[in-house]
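Structure data (compact mmCIF, C-alpha atoms and all ligand atoms) from work23.txt:
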```
# COMPACT_ATOMS: atom_id res chain seq x y z
CA MET A 1 -25.09 -12.08 -22.29
CA LYS A 2 -24.05 -13.11 -25.78
CA THR A 3 -21.00 -11.23 -27.05
CA ASN A 4 -19.68 -10.62 -30.56
CA PHE A 5 -16.02 -9.71 -30.26
CA SER A 6 -13.85 -10.89 -33.16
CA GLU A 7 -10.82 -13.13 -32.58
CA GLU A 8 -8.60 -10.18 -33.40
CA GLN A 9 -10.35 -7.96 -30.83
CA ILE A 10 -10.01 -10.61 -28.13
CA LYS A 11 -6.21 -10.52 -28.48
CA ASP A 12 -6.41 -7.20 -26.63
CA PRO A 13 -6.34 -8.04 -22.88
CA ASP A 14 -8.79 -5.25 -22.04
CA ASN A 15 -11.31 -6.52 -24.60
CA LYS A 16 -10.80 -10.05 -23.30
CA ALA A 17 -11.48 -8.97 -19.71
CA SER A 18 -14.56 -6.99 -20.76
CA GLU A 19 -15.89 -9.91 -22.77
CA ASN A 20 -15.68 -12.14 -19.69
CA ILE A 21 -17.52 -9.54 -17.64
CA LEU A 22 -20.24 -9.01 -20.27
CA ARG A 23 -20.90 -12.74 -20.56
CA LYS A 24 -21.81 -12.88 -16.88
CA CYS A 25 -24.59 -10.30 -17.22
CA VAL A 26 -28.04 -11.90 -17.57
CA HIS A 27 -29.93 -8.60 -18.14
CA CYS A 28 -32.00 -9.11 -14.98
CA GLY A 29 -31.86 -5.41 -14.08
CA PHE A 30 -31.69 -6.03 -10.32
CA CYS A 31 -28.81 -3.56 -10.28
CA ASN A 32 -31.06 -0.71 -11.44
CA ALA A 33 -32.94 -0.88 -8.15
CA THR A 34 -29.92 0.27 -6.15
CA CYS A 35 -28.35 2.64 -8.66
CA PRO A 36 -28.52 6.26 -7.42
CA THR A 37 -28.61 7.79 -10.93
CA TYR A 38 -31.32 5.41 -12.15
CA LYS A 39 -33.34 6.16 -9.03
CA LEU A 40 -32.96 9.90 -9.60
CA LEU A 41 -33.28 10.15 -13.40
CA GLY A 42 -35.44 7.09 -14.20
CA ASP A 43 -33.75 6.53 -17.57
CA GLU A 44 -32.61 2.96 -18.43
CA LEU A 45 -29.40 4.43 -19.88
CA ASP A 46 -28.67 6.08 -16.52
CA GLY A 47 -28.65 2.72 -14.79
CA PRO A 48 -25.96 0.01 -14.81
CA ARG A 49 -27.74 -2.32 -17.24
CA GLY A 50 -28.17 0.46 -19.79
CA ARG A 51 -24.58 1.58 -19.40
CA ILE A 52 -23.41 -2.00 -19.85
CA TYR A 53 -25.25 -2.11 -23.21
CA LEU A 54 -23.69 1.19 -24.26
CA ILE A 55 -20.18 0.03 -23.39
CA GLN A 56 -20.66 -3.36 -25.06
CA ASP A 57 -21.90 -1.69 -28.25
CA MET A 58 -18.89 0.69 -28.36
CA LEU A 59 -16.32 -1.97 -27.66
CA GLU A 60 -17.66 -4.75 -29.89
CA LYS A 61 -18.19 -2.50 -32.87
CA ASN A 62 -15.03 -0.60 -32.05
CA LYS A 63 -16.97 2.54 -32.67
CA PRO A 64 -16.09 5.96 -31.34
CA ALA A 65 -18.08 7.30 -28.43
CA ASN A 66 -20.71 9.92 -29.19
CA GLU A 67 -22.39 12.66 -27.19
CA LYS A 68 -25.24 10.43 -26.02
CA ILE A 69 -22.96 7.63 -24.76
CA VAL A 70 -20.66 10.11 -23.04
CA LYS A 71 -23.58 11.81 -21.29
CA HIS A 72 -24.79 8.57 -19.69
CA ILE A 73 -21.34 7.18 -18.87
CA ASP A 74 -20.26 10.50 -17.35
CA ARG A 75 -23.31 10.44 -15.09
CA CYS A 76 -22.13 7.18 -13.50
CA LEU A 77 -20.72 7.84 -10.03
CA SER A 78 -18.52 4.73 -9.96
CA CYS A 79 -20.17 4.06 -6.61
CA TYR A 80 -20.38 0.29 -7.37
CA SER A 81 -23.67 -0.12 -5.56
CA CYS A 82 -24.69 -2.16 -8.62
CA MET A 83 -21.85 -4.62 -7.96
CA THR A 84 -23.10 -5.28 -4.44
CA THR A 85 -26.58 -5.99 -5.80
CA CYS A 86 -25.69 -8.04 -8.89
CA PRO A 87 -26.41 -11.76 -8.31
CA SER A 88 -24.18 -12.79 -11.25
CA GLY A 89 -20.94 -11.19 -10.03
CA VAL A 90 -20.62 -8.74 -12.94
CA ASN A 91 -17.50 -6.63 -12.38
CA TYR A 92 -18.99 -3.32 -13.47
CA MET A 93 -15.95 -1.44 -12.12
CA HIS A 94 -13.57 -2.95 -14.66
CA LEU A 95 -16.09 -2.53 -17.45
CA ILE A 96 -16.76 1.16 -16.83
CA ASP A 97 -13.01 1.82 -16.48
CA HIS A 98 -12.53 0.28 -19.92
CA GLY A 99 -15.48 2.28 -21.28
CA ARG A 100 -14.04 5.54 -19.93
CA ASN A 101 -10.64 4.86 -21.49
CA HIS A 102 -12.36 4.16 -24.81
CA ILE A 103 -14.25 7.46 -24.57
CA GLU A 104 -11.07 9.36 -23.83
CA LYS A 105 -9.40 7.76 -26.88
CA THR A 106 -12.24 8.19 -29.37
CA TYR A 107 -14.29 11.22 -28.37
CA LYS A 108 -13.42 14.90 -28.56
CA ARG A 109 -15.23 16.63 -25.73
CA PRO A 110 -16.48 20.22 -26.09
CA PHE A 111 -13.73 22.78 -25.45
CA LYS A 112 -14.93 23.90 -21.98
CA ASP A 113 -15.24 20.31 -20.88
CA ARG A 114 -11.73 19.49 -22.05
CA ILE A 115 -10.26 22.48 -20.23
CA THR A 116 -12.11 21.68 -16.99
CA ARG A 117 -11.05 18.03 -17.01
CA ALA A 118 -7.45 18.88 -17.94
CA PHE A 119 -7.38 21.44 -15.12
CA LEU A 120 -8.70 18.94 -12.55
CA SER A 121 -6.29 16.26 -13.70
CA LYS A 122 -3.30 18.60 -13.27
CA VAL A 123 -4.36 20.26 -10.03
CA LEU A 124 -6.02 17.73 -7.73
CA PRO A 125 -3.40 14.93 -7.80
CA LYS A 126 -0.59 17.38 -6.97
CA PRO A 127 -0.81 18.67 -3.38
CA PHE A 128 1.35 21.73 -4.15
CA ASN A 129 -0.83 22.75 -7.11
CA PHE A 130 -4.00 22.10 -5.15
CA LYS A 131 -2.82 24.27 -2.25
CA LEU A 132 -2.08 27.11 -4.65
CA ILE A 133 -5.55 26.87 -6.16
CA VAL A 134 -7.20 26.88 -2.73
CA ILE A 135 -5.31 30.09 -1.88
CA LEU A 136 -6.18 31.65 -5.24
CA THR A 137 -9.88 30.78 -5.04
CA LYS A 138 -10.09 32.43 -1.62
CA PHE A 139 -9.51 35.75 -3.39
CA LEU A 140 -11.82 34.84 -6.26
CA LYS A 141 -14.78 33.94 -4.04
CA PRO A 142 -16.19 37.49 -3.75
CA ILE A 143 -16.18 37.88 -7.57
CA ARG A 144 -16.98 34.31 -8.54
CA PHE A 145 -20.24 35.42 -10.22
CA ILE A 146 -18.17 36.64 -13.20
CA PHE A 147 -17.34 33.01 -14.08
CA SER A 148 -19.49 30.36 -15.76
CA LYS A 149 -21.97 28.48 -13.54
CA LYS A 150 -19.70 25.42 -13.33
CA ILE A 151 -16.55 27.36 -12.39
CA ASN A 152 -18.58 29.48 -9.98
CA GLU A 153 -19.80 26.33 -8.21
CA MET A 154 -16.33 24.78 -8.16
CA ILE A 155 -14.95 27.92 -6.50
CA SER A 156 -17.73 27.86 -3.91
CA LEU A 157 -16.78 24.27 -2.97
CA MET A 158 -13.21 25.29 -2.10
CA PRO A 159 -12.48 25.79 1.62
CA ASP A 160 -11.91 29.29 3.01
CA ARG A 161 -8.84 28.25 4.93
CA LEU A 162 -6.58 25.25 5.28
CA PRO A 163 -5.94 23.61 8.63
CA LYS A 164 -2.43 23.72 10.09
CA GLN A 165 -0.36 20.55 10.37
CA SER A 166 0.62 19.56 13.88
CA LEU A 167 2.96 16.63 13.13
CA PRO A 168 6.29 17.36 11.41
CA LYS A 169 6.61 15.90 7.90
CA MET A 170 8.90 12.87 8.07
CA LYS A 171 9.67 9.79 6.02
CA LEU A 172 9.62 7.51 9.04
CA TYR A 173 7.48 7.82 12.17
CA LYS A 174 9.16 5.63 14.77
CA ILE A 175 7.62 4.30 17.94
CA LYS A 176 8.86 5.24 21.42
CA LYS A 177 12.59 4.77 22.03
CA GLY A 178 13.63 1.44 23.54
CA LYS A 179 10.63 -0.47 22.23
CA LYS A 180 10.58 -2.92 19.34
CA PRO A 181 7.93 -2.23 16.69
CA VAL A 182 5.21 -4.88 16.44
CA ALA A 183 4.72 -4.06 12.74
CA ARG A 184 5.91 -1.72 10.00
CA VAL A 185 3.45 -0.17 7.57
CA ALA A 186 3.45 2.41 4.78
CA LEU A 187 0.76 5.09 4.86
CA LEU A 188 -0.76 6.64 1.75
CA THR A 189 -1.36 10.21 2.86
CA GLY A 190 -3.31 11.09 -0.30
CA CYS A 191 -3.19 14.13 -2.57
CA VAL A 192 -6.28 16.16 -1.66
CA GLN A 193 -6.59 14.73 1.85
CA ARG A 194 -3.18 15.89 3.07
CA VAL A 195 -4.07 19.45 2.06
CA LEU A 196 -7.71 19.61 3.20
CA SER A 197 -7.54 17.47 6.33
CA PRO A 198 -3.98 16.74 7.52
CA GLN A 199 -5.46 15.80 10.91
CA ILE A 200 -6.68 12.49 9.42
CA ASN A 201 -3.14 11.37 8.58
CA GLU A 202 -1.86 12.71 11.89
CA ALA A 203 -4.47 10.76 13.86
CA THR A 204 -3.59 7.62 11.87
CA ILE A 205 0.14 7.97 12.53
CA ARG A 206 -0.33 8.76 16.25
CA LEU A 207 -2.72 5.86 16.69
CA LEU A 208 -0.47 3.37 14.89
CA ASN A 209 2.69 4.57 16.67
CA ARG A 210 0.94 4.40 20.05
CA HIS A 211 0.13 0.75 19.37
CA GLY A 212 3.74 -0.10 18.48
CA ILE A 213 3.52 0.23 14.69
CA GLU A 214 6.23 2.04 12.74
CA VAL A 215 4.88 4.17 9.88
CA VAL A 216 6.69 4.98 6.63
CA VAL A 217 5.47 7.83 4.41
CA PRO A 218 7.55 7.94 1.20
CA LYS A 219 7.53 11.61 0.25
CA GLU A 220 7.54 10.98 -3.53
CA ILE A 221 4.09 9.36 -3.35
CA GLU A 222 1.33 11.88 -3.94
CA CYS A 223 -1.82 10.55 -5.65
CA CYS A 224 -2.85 6.89 -5.83
CA GLY A 225 -3.83 7.59 -9.46
CA SER A 226 -7.57 7.20 -9.08
CA LEU A 227 -8.47 10.82 -9.89
CA ASN A 228 -7.01 10.53 -13.38
CA HIS A 229 -8.13 6.91 -13.67
CA HIS A 230 -11.77 7.92 -13.22
CA LEU A 231 -11.35 10.82 -15.64
CA GLY A 232 -10.32 8.19 -18.22
CA LYS A 233 -6.81 9.68 -18.40
CA LYS A 234 -4.98 6.39 -18.65
CA ILE A 235 -1.49 7.73 -19.37
CA LEU A 236 -1.45 10.13 -16.41
CA ALA A 237 -3.03 7.53 -14.11
CA ASN A 238 -0.46 4.93 -15.17
CA GLU A 239 2.38 7.32 -14.32
CA SER A 240 1.09 7.52 -10.73
CA PHE A 241 0.39 3.78 -10.52
CA LYS A 242 3.86 2.79 -11.73
CA LYS A 243 5.69 5.31 -9.57
CA ASN A 244 3.81 4.16 -6.46
CA ILE A 245 4.30 0.47 -7.20
CA LEU A 246 8.07 0.88 -7.63
CA ILE A 247 8.48 2.97 -4.46
CA TRP A 248 6.40 0.73 -2.20
CA TYR A 249 7.81 -2.47 -3.64
CA ASP A 250 11.34 -1.19 -3.10
CA GLU A 251 10.46 -0.35 0.52
CA TYR A 252 8.89 -3.79 0.96
CA ILE A 253 11.98 -5.58 -0.37
CA LYS A 254 14.60 -3.45 1.39
CA ASN A 255 13.04 -2.72 4.78
CA GLY A 256 9.93 -4.89 4.98
CA LEU A 257 6.29 -3.81 5.07
CA ASP A 258 3.44 -5.60 6.83
CA ALA A 259 0.80 -3.49 5.12
CA ILE A 260 0.12 -0.43 3.03
CA ILE A 261 -2.51 1.59 4.86
CA SER A 262 -5.06 3.72 3.10
CA ASN A 263 -7.28 5.99 5.18
CA THR A 264 -9.29 7.14 2.16
CA SER A 265 -11.51 4.35 0.94
CA GLY A 266 -11.58 5.70 -2.62
CA CYS A 267 -7.80 5.33 -2.85
CA GLY A 268 -7.82 1.93 -1.12
CA THR A 269 -10.21 0.58 -3.76
CA THR A 270 -7.80 1.64 -6.51
CA LEU A 271 -4.71 0.28 -4.73
CA LYS A 272 -6.42 -3.08 -4.32
CA ASP A 273 -7.08 -3.02 -8.08
CA TYR A 274 -3.43 -2.44 -9.15
CA GLU A 275 -3.11 -6.22 -9.47
CA PHE A 276 -5.86 -6.34 -12.10
CA MET A 277 -4.62 -3.27 -13.94
CA PHE A 278 -1.14 -4.70 -14.44
CA ARG A 279 -2.15 -8.34 -14.95
CA SER A 280 -0.70 -8.39 -18.48
CA ASP A 281 2.35 -6.23 -17.84
CA LYS A 282 5.45 -8.41 -17.60
CA GLU A 283 7.50 -5.80 -15.75
CA PHE A 284 4.87 -4.73 -13.20
CA LYS A 285 2.62 -7.76 -12.77
CA LYS A 286 4.34 -9.31 -9.74
CA LYS A 287 5.01 -6.00 -8.02
CA ALA A 288 1.48 -4.67 -8.54
CA LYS A 289 0.05 -7.91 -7.15
CA LYS A 290 2.15 -7.53 -4.00
CA ILE A 291 1.02 -3.91 -3.52
CA SER A 292 -2.64 -4.92 -3.82
CA GLU A 293 -2.14 -7.79 -1.39
CA LEU A 294 -0.50 -5.49 1.15
CA THR A 295 -3.20 -2.80 0.96
CA ARG A 296 -5.61 -2.43 3.86
CA ASP A 297 -8.07 0.25 4.76
CA VAL A 298 -7.09 1.63 8.17
CA ALA A 299 -10.32 0.32 9.80
CA GLU A 300 -9.75 -3.11 8.25
CA TYR A 301 -6.14 -3.17 9.47
CA LEU A 302 -6.99 -2.09 13.02
CA ASP A 303 -9.85 -4.58 13.23
CA GLU A 304 -7.75 -7.50 11.93
CA ASN A 305 -4.42 -6.84 13.59
CA ILE A 306 -4.47 -4.56 16.61
CA LYS A 307 -5.75 -4.92 20.13
CA LEU A 308 -6.64 -1.30 20.70
CA ASN A 309 -5.98 0.20 24.12
CA PHE A 310 -9.20 2.14 24.70
CA ILE A 311 -9.12 4.51 27.65
CA LYS A 312 -11.49 3.39 30.40
CA GLN A 313 -14.55 5.63 30.48
CA ASN A 314 -16.16 6.55 33.77
CA LYS A 315 -19.90 6.14 34.24
CA ASN A 316 -20.63 9.84 33.91
CA GLN A 317 -18.70 10.19 30.65
CA LYS A 318 -20.83 11.68 27.87
CA LYS A 319 -22.05 9.14 25.31
CA TYR A 320 -22.40 10.58 21.83
CA LYS A 321 -24.97 9.67 19.24
CA ILE A 322 -22.98 9.07 16.05
CA ALA A 323 -24.21 8.50 12.49
CA TYR A 324 -21.97 6.25 10.40
CA HIS A 325 -21.83 7.09 6.69
CA SER A 326 -20.51 4.09 4.79
CA ALA A 327 -18.60 5.49 1.81
CA CYS A 328 -19.43 3.69 -1.46
CA SER A 329 -15.78 2.85 -2.07
CA MET A 330 -15.71 1.33 1.43
CA GLN A 331 -18.92 -0.73 1.38
CA HIS A 332 -19.23 -1.50 -2.35
CA GLY A 333 -15.65 -1.05 -3.60
CA GLN A 334 -13.87 -2.89 -0.78
CA LYS A 335 -16.77 -4.70 0.92
CA ILE A 336 -15.79 -3.23 4.27
CA HIS A 337 -18.75 -2.31 6.41
CA LYS A 338 -18.82 -4.03 9.78
CA GLN A 339 -15.25 -3.22 10.82
CA PRO A 340 -15.50 0.59 11.23
CA ILE A 341 -18.85 0.23 13.01
CA ASP A 342 -17.41 -2.35 15.43
CA LEU A 343 -14.43 -0.12 16.14
CA ILE A 344 -16.62 2.88 16.97
CA ARG A 345 -18.90 0.73 19.11
CA LYS A 346 -15.86 -0.17 21.24
CA THR A 347 -15.54 3.50 22.23
CA GLY A 348 -18.79 3.10 24.20
CA ASN A 349 -20.76 5.59 22.09
CA GLN A 350 -24.00 4.91 20.23
CA ILE A 351 -23.57 4.33 16.52
CA PHE A 352 -26.38 4.40 13.97
CA GLU A 353 -26.37 3.49 10.31
CA ILE A 354 -27.97 6.02 7.96
CA PRO A 355 -31.25 4.99 6.25
CA ASP A 356 -30.70 4.18 2.54
CA GLY A 357 -27.03 3.97 3.44
CA HIS A 358 -26.20 2.07 0.25
CA LEU A 359 -26.77 5.24 -1.80
CA CYS A 360 -23.96 7.64 -2.69
CA CYS A 361 -23.69 11.14 -1.15
CA GLY A 362 -22.69 12.53 -4.56
CA SER A 363 -19.01 13.10 -3.81
CA ALA A 364 -17.44 10.36 -6.00
CA GLY A 365 -14.01 11.88 -6.69
CA THR A 366 -14.48 14.76 -9.11
CA TYR A 367 -18.19 13.98 -9.66
CA ASN A 368 -19.46 16.78 -7.41
CA LEU A 369 -17.39 19.18 -9.50
CA LEU A 370 -18.35 17.80 -12.93
CA GLN A 371 -21.96 16.71 -12.35
CA ASN A 372 -22.95 19.31 -9.83
CA ASN A 373 -26.73 19.09 -10.28
CA ILE A 374 -26.96 15.34 -9.68
CA ALA A 375 -24.41 15.55 -6.85
CA LYS A 376 -26.49 18.25 -5.12
CA LYS A 377 -29.65 16.14 -5.28
CA LEU A 378 -27.85 13.12 -3.85
CA LEU A 379 -26.38 15.27 -1.09
CA LYS A 380 -29.81 16.62 -0.20
CA ASP A 381 -31.19 13.07 0.15
CA LYS A 382 -28.16 11.98 2.17
CA VAL A 383 -28.46 14.90 4.59
CA PHE A 384 -32.22 14.30 4.92
CA ASN A 385 -31.51 10.70 5.93
CA ILE A 386 -28.73 11.70 8.31
CA GLU A 387 -30.96 14.24 10.02
CA LYS A 388 -33.59 11.55 10.62
CA ILE A 389 -31.12 10.04 13.11
CA ASN A 390 -30.45 13.41 14.73
CA PRO A 391 -26.83 12.57 15.54
CA GLU A 392 -24.39 14.77 17.43
CA PHE A 393 -21.81 14.05 14.77
CA ILE A 394 -21.20 11.97 11.66
CA THR A 395 -18.28 9.74 10.84
CA THR A 396 -16.99 8.07 7.68
CA GLY A 397 -13.76 6.78 6.15
CA ASN A 398 -13.37 8.88 3.01
CA ILE A 399 -12.24 12.51 2.60
CA GLY A 400 -14.47 13.01 -0.46
CA CYS A 401 -17.60 12.18 1.56
CA ILE A 402 -16.43 14.35 4.48
CA THR A 403 -16.05 17.34 2.14
CA GLN A 404 -19.31 16.70 0.30
CA ILE A 405 -21.50 16.08 3.38
CA SER A 406 -20.05 19.06 5.24
CA ASN A 407 -21.35 21.22 2.37
CA GLY A 408 -24.90 20.11 3.15
CA THR A 409 -25.18 20.13 6.93
CA LYS A 410 -23.90 21.90 10.02
CA ILE A 411 -23.61 18.58 11.92
CA PRO A 412 -19.87 18.00 12.46
CA ILE A 413 -18.31 15.20 10.41
CA LEU A 414 -14.95 13.55 10.93
CA HIS A 415 -12.93 10.50 9.90
CA THR A 416 -13.44 7.32 11.94
CA VAL A 417 -9.72 7.10 12.69
CA GLU A 418 -9.90 10.47 14.49
CA ILE A 419 -12.47 9.01 16.90
CA ILE A 420 -10.40 5.89 17.54
CA ASP A 421 -7.28 8.01 18.09
CA TRP A 422 -9.16 10.20 20.58
CA TYR A 423 -10.53 7.25 22.58
CA THR A 424 -7.12 5.59 22.77
CA GLY A 425 -5.27 8.61 24.14
CA GLY A 426 -5.08 11.13 21.28
CA PRO A 427 -6.43 14.70 21.39
CA LYS A 428 -10.11 15.53 21.01
CA PRO A 429 -10.72 16.15 17.29
CA GLU A 430 -10.96 19.79 16.23
CA ALA A 431 -14.30 19.09 14.47
CA LEU A 432 -15.85 18.28 17.88
CA LYS A 433 -14.42 21.20 19.85
CA ASP A 434 -17.90 22.67 20.48
CA LEU A 435 -19.45 19.38 21.68
S1 LIG A 501 -21.53 2.55 -10.29
FE1 LIG A 501 -23.23 3.52 -9.14
S2 LIG A 501 -24.00 5.15 -10.50
FE2 LIG A 501 -22.71 3.79 -11.76
S3 LIG A 501 -24.15 2.32 -12.62
FE3 LIG A 501 -23.36 1.37 -10.76
S4 LIG A 501 -24.83 1.93 -9.15
FE4 LIG A 501 -25.22 3.30 -10.93
S1 LIG A 502 -27.82 -7.22 -11.80
FE1 LIG A 502 -25.96 -8.01 -12.77
S2 LIG A 502 -26.66 -9.56 -14.20
FE2 LIG A 502 -28.45 -8.31 -13.69
S3 LIG A 502 -28.46 -6.70 -15.29
FE3 LIG A 502 -27.33 -5.87 -13.56
S4 LIG A 502 -25.20 -6.35 -14.04
FE4 LIG A 502 -26.45 -7.65 -15.36
```
In structure tokens, write the structure found in this file.
Ligand code: SF4
Ligand code: SF4
Amino acid sequence: MKTNFSEEQIKDPDNKASENILRKCVHCGFCNATCPTYKLLGDELDGPRGRIYLIQDMLEKNKPANEKIVKHIDRCLSCYSCMTTCPSGVNYMHLIDHGRNHIEKTYKRPFKDRITRAFLSKVLPKPFNFKLIVILTKFLKPIRFIFSKKINEMISLMPDRLPKQSLPKMKLYKIKKGKKPVARVALLTGCVQRVLSPQINEATIRLLNRHGIEVVVPKEIECCGSLNHHLGKKILANESFKKNILIWYDEYIKNGLDAIISNTSGCGTTLKDYEFMFRSDKEFKKKAKKISELTRDVAEYLDENIKLNFIKQNKNQKKYKIAYHSACSMQHGQKIHKQPIDLIRKTGNQIFEIPDGHLCCGSAGTYNLLQNNIAKKLLKDKVFNIEKINPEFITTGNIGCITQISNGTKIPILHTVEIIDWYTGGPKPEALKDL
């Protein structure tokens, strides 16, 4: 695609990066075919090619965003299905991130919108704040009809109760006494995940420890920064990015780290992108690159590095029919697909991929809260496709998808690492207690 940035504009590293991305796009529109919002809404501007035009126009002309542009950019899920489809290697992720930052800088959203987004950006990335809100909304649920439709729906998405933690909170989870660790990793326990589903982190720690891997969980690390990043709140996101980079890099230098494990694919995608985000920052460039290089999704790490000790199953052992939901951030963001499926297959159960599995379930970070109508339609389609398989349970590698899909079906859903933990000597997951 021909671009028209001035020499002055190109001095800005973000404009330079976007120009390189835009030049790769040949307008073919193949990406529209796999875009969930284009499929649903049928509007060119609700597909990747249309959004690329909108972003190019804003950036080149350095013009402020307007209501129309914001509407179509906000409807993008950041699912990156378009990136998997694009034959020209257009990095839509970096382009839309730049577009969102430009919107945040140049557009004044309506009051209600600003309040909602400010609220989400202050509450979700802070586990303490999020816990408080969950407790508060429990009392508001019976009278939620007094609020606006959006707030009412947000309240209804909050859980009624929070699960108890079974592992004590520690900075270092050592392996059994007298044994030498085979590796040392840091675990990102996540902001929302540690509150909603602490069992995912507990299963990860147990599983890694059982296989001789020491696990560090620096307590100062809360959010990976992606919640604010996707809201276009660059300053707040950068605070999280920089804090995390400094803490993990310090740990890497002082005590050694073989990997940084993410068990939420949305966060893993962002961690792997720290290198790009800080490419022009003299102070953080080298450190951010190291953090991205060390980052592995838990399924990727187990598949690449660990010979898992699966418990021998006897012939009469029940074999479950499992549906695997490939989170967008896993399959499109990190290009990890085969590894979790292979791991589950090793448990001896039957695993099935969901038809139209490349399409998003509508979770997408805060999307199901901000774009509730589209998210609901995507969820309905996802559940319809899951039910075609008629599985006994569903598994995936992203807390957002677990929360979203569980709002649409009674079929139990759990994180893949919980299954692997169970089949290598851990407890049966709570989600499967009735099976
Ligand atoms: S990221 Fe997803 S929703 Fe956004 S344009 Fe690409 S395919 Fe469409
Ligand atoms: S598939 Fe790639 S090259 Fe074609 S329009 Fe979409 S982004 Fe551009």
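Across the structure, CA of His229 in chain A and CA of Phe5 in chain A are spaced 24.8 Å apart.
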field: Shortest interatomic distance to Cys267 in chain A - which of A:Pro391, A:Pro412, A:Gly400, A:Gly99, counting all atoms listed in the file
entry: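 Residue with the minimum atom-to-atom distance to Cys267 in chain A: A:Gly400.
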| query | Residues within 9 Å of ligand LIG 501 (chain A) (all atoms listed in the file), as an NGL selection string? | reply | :A and (31-39 or 46-52 or 73 or 75-85 or 92-93 or 96 or 328 or 359-360)
**Asked** Which protein, DNA or RNA residues are at most 10 Å from (2.0, 0.9, 8.1) in the file's coordinates when you count only C-alpha atoms, listed as number ranges by chain?
**Response** A: 173, 183-188, 204-205, 208-209, 213-217, 257-262, 294-296, 298, 301
Using C-alpha atoms, can you write the selected residues to a file as an mmCIF file, keeping the file's coordinate frame?
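This went into part.cif:
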```cif
data_model
loop_
_atom_site.group_PDB
_atom_site.id
_atom_site.type_symbol
_atom_site.label_atom_id
_atom_site.label_comp_id
_atom_site.auth_asym_id
_atom_site.auth_seq_id
_atom_site.Cartn_x
_atom_site.Cartn_y
_atom_site.Cartn_z
ATOM 1 C CA TYR A 173 7.480 7.820 12.170
ATOM 2 C CA ALA A 183 4.720 -4.060 12.740
ATOM 3 C CA ARG A 184 5.910 -1.720 10.000
ATOM 4 C CA VAL A 185 3.450 -0.170 7.570
ATOM 5 C CA ALA A 186 3.450 2.410 4.780
ATOM 6 C CA LEU A 187 0.760 5.090 4.860
ATOM 7 C CA LEU A 188 -0.760 6.640 1.750
ATOM 8 C CA THR A 204 -3.590 7.620 11.870
ATOM 9 C CA ILE A 205 0.140 7.970 12.530
ATOM 10 C CA LEU A 208 -0.470 3.370 14.890
ATOM 11 C CA ASN A 209 2.690 4.570 16.670
ATOM 12 C CA ILE A 213 3.520 0.230 14.690
ATOM 13 C CA GLU A 214 6.230 2.040 12.740
ATOM 14 C CA VAL A 215 4.880 4.170 9.880
ATOM 15 C CA VAL A 216 6.690 4.980 6.630
ATOM 16 C CA VAL A 217 5.470 7.830 4.410
ATOM 17 C CA LEU A 257 6.290 -3.810 5.070
ATOM 18 C CA ASP A 258 3.440 -5.600 6.830
ATOM 19 C CA ALA A 259 0.800 -3.490 5.120
ATOM 20 C CA ILE A 260 0.120 -0.430 3.030
ATOM 21 C CA ILE A 261 -2.510 1.590 4.860
ATOM 22 C CA SER A 262 -5.060 3.720 3.100
ATOM 23 C CA LEU A 294 -0.500 -5.490 1.150
ATOM 24 C CA THR A 295 -3.200 -2.800 0.960
ATOM 25 C CA ARG A 296 -5.610 -2.430 3.860
ATOM 26 C CA VAL A 298 -7.090 1.630 8.170
ATOM 27 C CA TYR A 301 -6.140 -3.170 9.470
#
```
**Request:** Mind checking which residues fall within 12 Å of Gly425 in chain A, counting all atoms listed in the file, ignoring those fewer than 2 positions away in the same chain, and posting them as a list of chain:residue names?
**Result:**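 The residues satisfying every condition are A:Ala203, A:Arg206, A:Leu207, A:Leu208, A:Asn209, A:Arg210, A:His211, A:Leu308, A:Asn309, A:Phe310, A:Ile311, A:Lys312, A:Gln313, A:Thr347, A:Glu418, A:Ile419, A:Ile420, A:Asp421, A:Trp422, A:Tyr423, A:Pro427, A:Lys428, A:Pro429.
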